[in-house]
>>> print(open('work38.txt').read())   # compact mmCIF, C-alpha atoms
# COMPACT_ATOMS: atom_id res chain seq x y z
CA MET A 1 16.85 -13.56 6.37
CA ARG A 2 20.41 -12.98 5.23
CA ALA A 3 21.59 -9.73 3.67
CA MET A 4 22.06 -9.95 -0.07
CA ARG A 5 25.56 -9.66 -1.40
CA PRO A 6 26.27 -6.80 -3.81
CA GLY A 7 25.47 -7.82 -7.36
CA GLU A 8 22.97 -10.52 -6.42
CA GLY A 9 19.94 -8.34 -7.18
CA PHE A 10 16.38 -8.88 -5.96
CA ASP A 11 14.46 -12.05 -6.65
CA VAL A 12 11.30 -10.26 -7.75
CA GLU A 13 9.16 -13.37 -7.41
CA ARG A 14 9.96 -13.56 -3.70
CA LEU A 15 9.29 -9.91 -2.89
CA ARG A 16 6.44 -9.34 -0.44
CA GLU A 17 3.49 -7.03 -0.64
CA PRO A 18 3.69 -4.17 1.91
CA ALA A 19 0.89 -5.41 4.19
CA GLU A 20 2.29 -8.94 4.23
CA ALA A 21 5.79 -7.66 4.93
CA VAL A 22 4.72 -5.44 7.82
CA ALA A 23 2.58 -8.21 9.34
CA ALA A 24 5.53 -10.62 9.19
CA TYR A 25 7.77 -7.99 10.73
CA LEU A 26 5.46 -7.16 13.63
CA ALA A 27 4.98 -10.87 14.34
CA ALA A 28 8.75 -11.39 14.49
CA VAL A 29 9.82 -8.25 16.35
CA ARG A 30 6.82 -7.01 18.41
CA PRO A 31 8.07 -3.47 19.12
CA MET A 32 6.56 -1.83 22.20
CA PRO A 33 6.40 1.70 23.65
CA PRO A 34 9.38 2.47 25.89
CA GLY A 35 7.20 3.09 28.96
CA ILE A 36 4.39 5.07 30.60
CA GLU A 37 4.60 8.47 32.23
CA ARG A 38 2.12 10.97 33.62
CA VAL A 39 1.75 14.49 32.28
CA ALA A 40 -0.40 17.43 33.26
CA LEU A 41 -3.62 17.87 31.33
CA ALA A 42 -2.14 21.06 29.84
CA ASP A 43 0.67 18.98 28.31
CA ALA A 44 -1.42 16.03 27.12
CA PHE A 45 -2.41 17.31 23.68
CA GLY A 46 -0.88 15.14 20.96
CA ARG A 47 0.21 12.42 23.37
CA VAL A 48 -1.01 8.82 23.24
CA LEU A 49 -3.22 7.72 26.14
CA ALA A 50 -1.75 4.73 27.97
CA GLN A 51 -4.80 3.71 30.05
CA ASP A 52 -8.52 3.70 29.31
CA ALA A 53 -10.43 6.79 30.44
CA VAL A 54 -13.50 5.38 32.22
CA ALA A 55 -16.46 7.33 33.61
CA GLU A 56 -16.85 6.93 37.36
CA ALA A 57 -20.16 8.79 37.69
CA PHE A 58 -23.19 10.00 35.74
CA TYR A 59 -22.61 12.84 33.26
CA PRO A 60 -24.51 15.05 33.39
CA ALA A 61 -25.01 14.43 37.09
CA ASP A 62 -28.50 15.97 36.88
CA ALA A 63 -31.08 16.43 34.15
CA ARG A 64 -30.29 19.76 32.45
CA SER A 65 -32.32 22.06 30.24
CA THR A 66 -31.27 22.47 26.62
CA MET A 67 -33.28 25.69 26.20
CA ASP A 68 -34.02 28.95 27.97
CA GLY A 69 -37.62 28.54 29.12
CA PHE A 70 -39.77 27.08 31.85
CA ALA A 71 -39.54 23.71 33.61
CA VAL A 72 -43.02 22.19 33.78
CA ARG A 73 -45.01 19.04 34.39
CA SER A 74 -46.20 17.65 31.04
CA THR A 75 -49.39 16.27 32.62
CA ASP A 76 -50.63 19.84 33.15
CA GLY A 77 -51.23 20.01 29.39
CA THR A 78 -52.21 23.52 28.23
CA ALA A 79 -53.45 24.72 31.61
CA LEU A 80 -52.29 28.08 32.98
CA ARG A 81 -49.21 27.60 35.19
CA ARG A 82 -48.11 29.79 38.10
CA ILE A 83 -44.43 30.87 38.04
CA ALA A 84 -43.10 29.34 41.26
CA GLY A 85 -39.48 30.50 41.09
CA THR A 86 -36.27 30.83 39.10
CA ILE A 87 -33.44 28.31 38.70
CA ARG A 88 -29.95 29.83 38.67
CA MET A 89 -26.99 28.46 36.75
CA GLY A 90 -24.58 26.60 38.99
CA ALA A 91 -27.15 26.19 41.75
CA ALA A 92 -29.71 23.64 42.81
CA PRO A 93 -33.38 24.39 42.04
CA PRO A 94 -35.14 26.29 44.84
CA GLY A 95 -37.64 23.46 45.19
CA PRO A 96 -39.91 21.10 43.28
CA VAL A 97 -42.42 22.00 40.60
CA HIS A 98 -45.93 21.15 41.79
CA VAL A 99 -49.08 20.62 39.79
CA GLY A 100 -50.04 23.84 38.03
CA GLU A 101 -46.60 25.43 38.46
CA ALA A 102 -43.66 26.36 36.25
CA MET A 103 -40.14 27.47 37.05
CA ARG A 104 -37.89 29.71 35.00
CA ILE A 105 -34.81 27.79 33.79
CA PRO A 106 -31.76 28.78 31.70
CA THR A 107 -30.00 26.59 29.18
CA GLY A 108 -27.93 24.18 31.25
CA GLY A 109 -30.00 24.72 34.38
CA VAL A 110 -30.80 21.71 36.60
CA LEU A 111 -34.31 20.38 36.10
CA PRO A 112 -36.25 20.60 39.39
CA PRO A 113 -38.02 17.64 41.01
CA GLY A 114 -41.49 17.11 39.58
CA ALA A 115 -40.68 18.63 36.17
CA ASP A 116 -40.40 16.34 33.16
CA ALA A 117 -40.27 18.88 30.33
CA VAL A 118 -39.01 22.33 29.41
CA VAL A 119 -41.08 24.74 27.34
CA PRO A 120 -38.88 27.18 25.34
CA LEU A 121 -39.44 30.88 25.89
CA GLU A 122 -40.65 31.37 22.32
CA ASN A 123 -43.53 28.95 22.96
CA VAL A 124 -44.74 30.71 26.12
CA ARG A 125 -46.91 33.73 26.90
CA ASP A 126 -45.53 35.17 30.14
CA ASP A 127 -47.29 37.90 32.17
CA GLY A 128 -44.72 37.82 34.98
CA GLU A 129 -46.83 35.75 37.34
CA SER A 130 -48.02 32.88 35.16
CA ILE A 131 -47.45 31.32 31.76
CA ALA A 132 -49.71 29.95 29.07
CA VAL A 133 -48.69 27.51 26.36
CA ASP A 134 -50.34 26.93 22.99
CA ALA A 135 -49.49 23.23 22.81
CA ALA A 136 -49.11 20.68 25.56
CA PRO A 137 -45.44 19.71 26.10
CA ALA A 138 -44.42 16.07 25.96
CA ALA A 139 -42.44 14.35 28.68
CA GLY A 140 -38.75 14.59 27.85
CA ASP A 141 -38.99 17.80 25.83
CA SER A 142 -35.93 20.09 25.76
CA PHE A 143 -33.76 18.61 28.48
CA THR A 144 -30.89 16.15 28.73
CA PRO A 145 -31.52 13.29 31.17
CA ARG A 146 -29.09 12.42 33.94
CA GLY A 147 -26.30 10.18 32.60
CA ASP A 148 -27.29 10.79 28.99
CA ASP A 149 -23.66 11.51 28.05
CA MET A 150 -21.70 9.07 30.22
CA ARG A 151 -22.51 6.47 32.86
CA PRO A 152 -20.34 4.75 35.50
CA GLY A 153 -18.09 2.16 33.87
CA ASP A 154 -18.38 3.57 30.35
CA ARG A 155 -15.05 3.37 28.49
CA ILE A 156 -14.95 6.76 26.82
CA VAL A 157 -11.41 7.07 25.46
CA GLY A 158 -9.38 3.90 24.94
CA ALA A 159 -5.71 3.37 25.55
CA GLY A 160 -3.79 3.90 22.34
CA CYS A 161 -5.82 6.95 21.32
CA ARG A 162 -3.94 10.10 20.37
CA ILE A 163 -5.25 12.93 22.53
CA ALA A 164 -6.77 15.78 20.54
CA ALA A 165 -9.21 18.53 21.49
CA PRO A 166 -12.26 16.23 21.99
CA GLU A 167 -10.26 13.87 24.20
CA LEU A 168 -8.94 16.77 26.30
CA SER A 169 -12.54 17.77 26.96
CA VAL A 170 -13.42 14.25 28.13
CA LEU A 171 -10.37 13.99 30.37
CA ALA A 172 -11.19 17.35 31.98
CA THR A 173 -14.84 16.34 32.47
CA LEU A 174 -13.74 13.11 34.16
CA GLY A 175 -11.28 14.99 36.36
CA ILE A 176 -8.26 13.21 34.89
CA VAL A 177 -5.70 15.98 35.22
CA ASP A 178 -2.69 13.68 35.78
CA VAL A 179 -2.82 11.91 32.43
CA PRO A 180 -1.13 8.52 31.83
CA VAL A 181 0.55 8.55 28.41
CA PHE A 182 3.10 6.45 26.59
CA VAL A 183 6.63 7.76 26.65
CA ARG A 184 7.53 9.17 23.26
CA PRO A 185 9.95 6.80 21.53
CA ARG A 186 13.33 8.21 20.59
CA ILE A 187 14.11 7.53 16.94
CA ALA A 188 17.65 8.04 15.66
CA VAL A 189 17.85 9.26 12.06
CA VAL A 190 20.93 8.51 9.96
CA SER A 191 21.55 9.62 6.40
CA THR A 192 24.08 7.63 4.39
CA GLY A 193 25.94 8.67 1.27
CA ASP A 194 29.26 10.15 0.17
CA GLU A 195 27.39 12.72 -1.91
CA LEU A 196 25.57 14.40 1.00
CA VAL A 197 26.35 17.77 2.57
CA ASP A 198 24.54 19.68 5.30
CA ALA A 199 21.53 21.78 4.37
CA ALA A 200 23.50 24.94 5.23
CA GLU A 201 26.34 24.08 2.84
CA HIS A 202 26.69 24.81 -0.84
CA PRO A 203 26.86 21.53 -2.79
CA GLY A 204 29.75 20.95 -5.13
CA THR A 205 29.67 18.94 -8.31
CA GLY A 206 27.99 15.59 -7.68
CA GLN A 207 26.87 16.61 -4.19
CA VAL A 208 23.35 17.23 -2.83
CA ARG A 209 22.04 18.72 0.37
CA ASP A 210 20.87 16.18 2.94
CA SER A 211 17.11 16.72 2.69
CA ASN A 212 15.96 13.20 3.51
CA ARG A 213 16.71 13.42 7.21
CA TRP A 214 14.46 16.46 7.53
CA ALA A 215 11.56 14.83 5.70
CA ILE A 216 11.93 11.70 7.81
CA ALA A 217 12.25 13.75 11.01
CA GLY A 218 9.09 15.71 10.20
CA SER A 219 7.13 12.54 9.55
CA LEU A 220 8.36 10.96 12.78
CA LEU A 221 7.51 14.07 14.78
CA ALA A 222 3.99 14.01 13.33
CA MET A 223 3.68 10.39 14.47
CA GLY A 224 4.57 11.39 18.03
CA CYS A 225 8.26 10.48 18.22
CA THR A 226 11.28 12.31 19.56
CA VAL A 227 13.90 12.59 16.81
CA VAL A 228 17.62 12.16 17.46
CA HIS A 229 19.75 13.38 14.56
CA LEU A 230 22.99 11.43 14.18
CA PRO A 231 25.88 12.46 11.92
CA ARG A 232 25.86 11.21 8.35
CA ALA A 233 27.57 7.95 7.52
CA VAL A 234 29.82 7.57 4.50
CA ASP A 235 29.27 4.66 2.14
CA GLU A 236 31.32 2.15 4.10
CA GLU A 237 29.98 -0.83 5.99
CA ASP A 238 32.00 -0.13 9.14
CA ALA A 239 30.87 3.50 9.28
CA ILE A 240 27.21 2.58 8.81
CA ALA A 241 27.39 -0.20 11.41
CA ALA A 242 28.95 2.24 13.87
CA ARG A 243 26.16 4.79 13.31
CA ILE A 244 23.48 2.15 13.82
CA ALA A 245 25.18 1.02 17.03
CA ASP A 246 25.32 4.64 18.23
CA GLY A 247 21.62 5.01 17.51
CA LEU A 248 20.67 1.83 19.33
CA ALA A 249 22.70 2.93 22.36
CA GLY A 250 20.60 6.06 22.84
CA ALA A 251 17.31 5.51 21.05
CA ASP A 252 14.45 3.06 20.71
CA ALA A 253 14.83 2.64 16.96
CA VAL A 254 17.01 3.71 14.05
CA VAL A 255 15.85 4.94 10.65
CA LEU A 256 18.40 5.13 7.85
CA THR A 257 18.06 6.58 4.38
CA GLY A 258 20.19 5.47 1.47
CA GLY A 259 22.37 2.43 0.89
CA SER A 260 19.51 -0.06 1.23
CA SER A 261 19.57 -1.57 -2.24
CA VAL A 262 21.86 -4.24 -3.69
CA GLY A 263 24.49 -2.18 -5.49
CA ALA A 264 28.19 -2.22 -4.79
CA ARG A 265 27.88 0.90 -2.57
CA ASP A 266 24.76 -0.26 -0.71
CA HIS A 267 26.14 -1.38 2.65
CA VAL A 268 23.14 -0.89 4.96
CA PRO A 269 21.87 -4.52 4.77
CA ALA A 270 25.31 -5.96 5.52
CA ALA A 271 25.91 -3.46 8.32
CA ILE A 272 22.63 -4.40 9.98
CA ALA A 273 23.21 -8.13 9.55
CA ARG A 274 26.44 -8.03 11.54
CA LEU A 275 24.96 -6.28 14.59
CA GLY A 276 22.79 -9.06 16.01
CA ALA A 277 19.52 -10.95 15.88
CA PRO A 278 16.93 -11.02 14.51
CA GLY A 279 18.62 -8.78 11.95
CA ILE A 280 16.91 -8.37 8.61
CA VAL A 281 13.30 -9.57 8.48
CA VAL A 282 12.37 -8.08 5.10
CA HIS A 283 14.63 -6.82 2.31
CA GLY A 284 12.81 -5.62 -0.75
CA LEU A 285 9.14 -4.93 -1.33
CA LYS A 286 6.85 -5.34 -4.30
CA VAL A 287 6.21 -1.59 -4.43
CA LYS A 288 6.98 1.52 -6.40
CA PRO A 289 8.61 3.68 -5.25
CA GLY A 290 10.71 2.03 -2.56
CA LYS A 291 11.49 -1.51 -3.64
CA PRO A 292 14.90 -1.60 -1.84
CA THR A 293 13.43 -1.22 1.67
CA VAL A 294 14.90 -2.97 4.71
CA LEU A 295 12.81 -3.86 7.76
CA ALA A 296 15.11 -5.15 10.48
CA ALA A 297 15.67 -5.16 14.23
CA ILE A 298 18.40 -5.65 16.74
CA GLY A 299 16.70 -7.24 19.73
CA ALA A 300 13.30 -5.54 19.97
CA ARG A 301 14.60 -2.26 18.52
CA PRO A 302 13.53 -1.60 14.94
CA VAL A 303 16.11 -0.65 12.34
CA LEU A 304 14.46 0.63 9.18
CA GLY A 305 16.48 1.07 6.01
CA LEU A 306 14.69 3.45 3.65
CA PRO A 307 15.70 4.12 0.05
CA GLY A 308 17.94 7.08 -0.67
CA ASN A 309 15.72 8.84 -3.19
CA PRO A 310 13.69 11.58 -1.44
CA THR A 311 10.26 10.54 -2.72
CA SER A 312 10.90 6.87 -2.02
CA ALA A 313 12.20 7.45 1.49
CA LEU A 314 9.28 9.52 2.74
CA MET A 315 6.67 7.50 0.89
CA ILE A 316 7.84 4.21 2.36
CA LEU A 317 7.94 5.64 5.88
CA GLU A 318 4.41 7.04 5.59
CA ALA A 319 2.72 4.32 3.53
CA VAL A 320 4.52 1.18 4.72
CA ALA A 321 6.59 1.61 7.88
CA ALA A 322 4.10 3.77 9.82
CA PRO A 323 2.54 0.76 11.65
CA ILE A 324 5.98 -0.13 13.02
CA VAL A 325 6.46 3.40 14.29
CA ARG A 326 2.94 3.43 15.75
CA ALA A 327 3.71 0.23 17.64
CA LEU A 328 6.50 2.16 19.36
CA THR A 329 4.27 5.15 20.14
CA GLY A 330 1.43 2.95 21.43
CA GLU A 331 -1.07 4.53 19.03
CA ARG A 332 -3.57 1.92 17.88
CA HIS A 333 -5.60 3.67 15.23
CA ALA A 334 -3.93 6.61 13.53
CA ALA A 335 -6.20 9.14 11.87
CA VAL A 336 -4.91 9.45 8.32
CA ARG A 337 -6.30 12.35 6.33
CA ARG A 338 -8.38 10.94 3.47
CA ILE A 339 -9.86 12.85 0.56
CA ALA A 340 -12.66 11.03 -1.24
CA THR A 341 -12.79 12.26 -4.82
CA VAL A 342 -12.68 11.00 -8.42
CA ALA A 343 -9.78 10.35 -10.74
CA ALA A 344 -9.49 13.30 -13.11
CA ALA A 345 -7.05 11.21 -15.17
CA PRO A 346 -6.08 7.53 -15.13
CA PHE A 347 -3.76 6.23 -12.41
CA GLY A 348 -1.53 3.41 -13.67
CA GLY A 349 0.45 0.74 -11.86
CA ARG A 350 1.91 -2.69 -12.51
CA PRO A 351 0.03 -5.99 -12.27
CA GLY A 352 0.58 -7.64 -8.91
CA TRP A 353 2.44 -4.67 -7.44
CA THR A 354 1.48 -1.81 -5.13
CA TRP A 355 2.21 1.63 -6.47
CA TYR A 356 2.01 4.78 -4.37
CA VAL A 357 1.22 7.50 -6.87
CA PRO A 358 1.57 11.17 -5.79
CA ALA A 359 -1.53 13.12 -6.71
CA ALA A 360 -2.58 16.72 -7.11
CA VAL A 361 -6.11 17.43 -5.94
CA GLY A 362 -8.26 20.03 -7.63
CA ALA A 363 -11.87 20.92 -8.31
CA ASP A 364 -12.07 18.23 -10.99
CA GLY A 365 -10.63 15.51 -8.75
CA ALA A 366 -7.21 13.87 -8.34
CA ARG A 367 -4.54 13.80 -11.03
CA PRO A 368 -1.41 11.64 -10.90
CA LEU A 369 1.92 13.43 -10.84
CA VAL A 370 4.82 12.04 -12.82
CA LEU A 371 6.68 9.79 -10.40
CA ARG A 372 10.33 10.80 -10.13
CA SER A 373 11.78 9.29 -6.98
CA SER A 374 14.81 11.57 -7.04
CA HIS A 375 12.75 14.77 -7.08
CA THR A 376 12.69 16.46 -3.68
CA SER A 377 9.76 18.76 -4.50
CA LEU A 378 7.40 16.08 -5.78
CA LEU A 379 5.62 15.27 -2.53
CA ALA A 380 5.54 18.92 -1.49
CA ARG A 381 3.57 19.63 -4.66
CA ALA A 382 1.24 16.68 -4.09
CA GLY A 383 -1.96 16.82 -2.10
CA GLY A 384 -1.31 13.23 -1.05
CA TYR A 385 -0.99 9.87 -2.76
CA VAL A 386 -3.22 7.21 -4.28
CA VAL A 387 -2.65 3.49 -3.76
CA VAL A 388 -2.87 1.51 -7.00
CA GLY A 389 -2.88 -2.28 -6.76
CA PRO A 390 -2.04 -4.95 -6.06
CA GLU A 391 -5.39 -6.39 -7.19
CA SER A 392 -5.90 -3.88 -9.98
CA SER A 393 -3.13 -2.13 -11.87
CA ARG A 394 -5.18 0.81 -13.11
CA ILE A 395 -7.75 3.32 -11.89
CA GLU A 396 -9.72 4.76 -14.76
CA SER A 397 -10.63 8.41 -15.18
CA GLY A 398 -13.92 9.16 -13.45
CA ALA A 399 -13.61 6.29 -10.96
CA ALA A 400 -13.91 6.93 -7.23
CA VAL A 401 -10.51 7.35 -5.62
CA THR A 402 -9.12 8.08 -2.15
CA VAL A 403 -6.16 10.41 -1.73
CA LEU A 404 -4.18 9.73 1.45
CA GLY A 405 -2.50 12.68 3.12
CA PHE A 406 0.99 12.97 4.53
CA GLY A 407 1.47 13.25 8.29
CA GLY A 408 1.65 16.71 9.80
CA ARG A 409 -0.41 18.39 7.09
>>> encode(input="work38.txt", output="structure tokens")
Amino acid sequence: MRAMRPGEGFDVERLREPAEAVAAYLAAVRPMPPGIERVALADAFGRVLAQDAVAEAFYPADARSTMDGFAVRSTDGTALRRIAGTIRMGAAPPGPVHVGEAMRIPTGGVLPPGADAVVPLENVRDDGESIAVDAAPAAGDSFTPRGDDMRPGDRIVGAGCRIAAPELSVLATLGIVDVPVFVRPRIAVVSTGDELVDAAEHPGTGQVRDSNRWAIAGSLLAMGCTVVHLPRAVDEEDAIAARIADGLAGADAVVLTGGSSVGARDHVPAAIARLGAPGIVVHGLKVKPGKPTVLAAIGARPVLGLPGNPTSALMILEAVAAPIVRALTGERHAAVRRIATVAAAPFGGRPGWTWYVPAAVGADGARPLVLRSSHTSLLARAGGYVVVGPESSRIESGAAVTVLGFGGR
């Protein structure tokens, strides 16, 4: 796809829906993680697993009691049972349980041979030498069978899973302390615009602090990337092309904000187009906010041109471009925070378009916030966003609605 020349404008009828655009992009570019490395278990939290974690044995290795009580044979019914010994935690049982016997067992203790049930302490009358039970136990009562959790060959955690606390527990249980993970992709972030100054500077007339790069960086960090901040680029094609080239020389992808539309000062599409194939795959989306989005690549390295307005830039990265970033991280199924609630007021859109509407969430449900793409504070005040369309252009008050959260929250 060629870059549009300034003044041409978007052919709205040819704009793609976000899902269609991303699918076309991933089919054309096929971005991949930069490699695999091994990290210590202590450093694996938040990383993306690169190989399946497969059980090589039975877990638990032995049947284990789930209660403090007595290990017994269920076939003894309600008969008086002699206390034949005590099972210690972390040790094998002292012997089998014979007919008419019971053995003291703690929660987590290994069930002795011959026993097929555990009677909890509260259901036992214990005189120190024997026990009596009011009701006959059933086989299988109050213990976990061998292999009830995991069995040899079970795929417990799949490659592409982001490692959180539950996955750390599994890896430790399986003895995987040298964890194979995908190398974090390096993403270069470039802000474009003559009006931008550093966050530490005081803006003059017509100037604004460069906030977009920090929002984009935070989102990328939450997705598991390493962020490389490059100097700003002025609104000139040569300067923007040079920044993109710098980013590609030291990173796995480049994300730009600003200059992605079709105005006279929007040079990002032309700068990308001159750097190599495949170049621009998608320019313009049937969305609000964020219509002037660029999805491109030089070789297999993504180059994403986000709008310059703060709300548009972050919203497009989170709601549209995230699958491209996840392809680089190796994560297959990202866990997006979702709040199921009701619409406390109507959410409006546009027929045939996808609108990402920032929403405040309260006790009465979700309310749309007035969409102002240029407002930096809008998404910080939102509890997330609601997707309206493309099938329906309106969500009525009282209807079920899902609020999607922003990464890192």
>>> closest_residue(input="work38.txt", among="A:Gly284, A:Gly349, A:Gly384, A:Pro94", to="Val110 of chain A", atoms="all atoms listed in the file")
A:Pro94
>>> atom_distance(input="work38.txt", atom1="atom CA of Ala297 of chain A", atom2="atom CA of Ser219 of chain A")
20.2 Å
>>> atom_distance(input="work38.txt", atom1="atom CA of Ala50 of chain A", atom2="atom CA of Arg38 of chain A")
9.3 Å
>>> closest_residue(input="work38.txt", among="A:Trp214, A:Phe406, A:Phe45, A:Trp353", to="Thr376 of chain A", atoms="all atoms listed in the file")
A:Trp214
>>> closest_residue(input="work38.txt", among="A:Ala321, A:Leu41, A:Leu285, A:Ile240", to="Ala273 of chain A", atoms="all atoms listed in the file")
A:Ile240
